[in-house]
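A.B. asks: Sharing a structure with you now.
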Amino acid sequence: MNKSNYSSVSEFVLLGLSTSRPVQHFLLAFSTVFYVTIVLGNFLVVFVVTFDPHLRSPMYFLLANLSFIDLCFSTLTVPKMIHDLYSGHKTISFQGCVIQIFALHVLGGSEMVMLVTMALDRYVAICKPLHYLTIMSPQMCILLLFGAWAIGLIHSMAQLAFVVHLPFCGPNEIDSFYCDLPWFIKLACTDTYRMEFIVTANSGFISMGTFVLLLISYIFILVTVWKHSSGGLSKAFSTLSAHITVVILFFGPCIFVYVWPFPTVSVDKFLAILDFMITPILNPLIYTLRNKDMKMALKRLRSQLLSLRMIS
């Protein structure tokens, strides 16, 4: 993408979360600790699922890919924010802003589809247990994973197609710590009302539609289990509660940003922190601390590391 085809603006200034130096120092420490936790937690999930032969089921395959997407999603914005808070140099190039928007929507769209795929996996496991391994075969898991990334890519390309040729001649300040379409479009030197509506409607429809679809699927699973066995309802709800928590935390900010008609910058920033720093931490915590198989896998990993240390 050639900058001359876009605008006279060569970079954008990211105003960040606060102009107060004490608050910036707190945010620097807070975001650094949380990002290190995100990297270690999600990498641990991917590593354990990849190398532990006892975790070869479709559920853990999908969980590892969700952790990988969360790791990439957080890495897309948080290290840049940490650098800006540390250096005080809060700028991003025009091309860098466009690339960040593109990657953000690829990962966001892929995670939405991945969460739907995990709901499908839980439906088959709970409602059709005898056919689980047949339906959720390795080939089907690979196909679902490919579909998630493909849909995320198509969604992102469709979004950028609307705004890629907008003229930018100033101002160049974005009141956030990362680039996204709602703020990016507002800086264009032309009437963008129709463009904002199209882009917001696109992302809002996908976010809201996927969220409703997931809630309906979880309700359907619980009703199906209740009809067959009221005693199994509590177990099914316990299994699905982790998924429901992740879904609400991920989709809540997306729906608010793209659907709420009266956005406020302070609320948008807070919700962005939820998406980029809180949810990626909760995913490995929820799925590992509440899962017996993951706990056993972590114990086996610890035992192997201790034995290797003793040998060395």
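Residues are referred to by chain and number: the chain letter is A, B, ... according to the order shown in the structure tokens, the number counts from 1 in that chain, and ligands are numbered separately from 1 in the order shown.
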Give me, as a ChimeraX atom specification, all polymer residues having an atom no more than 10 Å from stretch 55-59 of chain A, counting only C-alpha atoms and skipping those fewer than 6 positions away in the same chain.
C.D. replies: /A:48-49,117-119,121-122,125,132-133,136-138,140-142,293-294,297
A.B. asks: Which residues are near A:Leu44? Cut-off 10 Å, only C-alpha atoms, ignore same chain within fewer than 3 positions. Put them as a compact mmCIF listing (two decimals) with C-alpha atoms, in the first residue's frame.
C.D. replies:
```
# COMPACT_ATOMS: atom_id res chain seq x y z
CA ILE A 38 -0.89 -12.95 28.97
CA VAL A 39 2.19 -14.20 27.12
CA LEU A 40 3.12 -16.79 29.76
CA GLY A 41 -0.45 -18.01 30.31
CA PHE A 47 2.68 -25.58 24.64
CA VAL A 48 0.92 -28.07 26.92
CA VAL A 49 -1.80 -28.91 24.39
CA THR A 50 0.76 -29.29 21.60
CA ALA A 64 -4.94 -23.90 21.98
CA SER A 67 -5.08 -18.94 23.17
CA PRO A 284 -6.06 -19.57 30.20
CA THR A 288 -6.80 -24.41 33.12
CA LEU A 298 0.55 -29.22 34.05
```
A.B. asks: Could you write out, as a list in words, all the residues of stretch 36-268 of chain A that DSSP marks as strand (DSSP E)?
C.D. replies: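 Output for stretch 36-268 of chain A, strand (DSSP E) only: Thr91, Ile92, Ser93, Glu173 and Ile174 of chain A.
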A.B. asks: Once DSSP has gone over the backbone, tell me which residues of stretch 51-255 of chain A are in helix (DSSP H, G or I), as number ranges by chain.
C.D. replies: A: 51, 58-75, 78-87, 94-127, 129-135, 138-163, 181-186, 193-228, 230-255
A.B. asks: Would you mind telling me which residue in A:Gly170, A:Pro53, A:Gly147, A:Pro253 lies nearest to A:Glu11 when using only C-alpha atoms?
C.D. replies: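 Nearest candidate to A:Glu11 out of A:Gly170, A:Pro53, A:Gly147, A:Pro253: A:Gly170.
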A.B. asks: For A:Ile221, work out the shell of residues within 8 Å, counting only C-alpha atoms and skipping chain neighbours fewer than 2 positions away, then give it as a list of chain:residue names.
C.D. replies: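 Selected residues are A:Tyr123, A:Ile126, A:Cys127, A:Ser217, A:Tyr218, A:Ile219, A:Val223, A:Thr224, A:Val225.
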A.B. asks: Figure out the distance between atom CA of A:Leu153 and atom CA of A:Cys169, please, to one decimal in Å.
C.D. replies: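 Atom CA of A:Leu153 lies at a distance of 28.6 Å from atom CA of A:Cys169.
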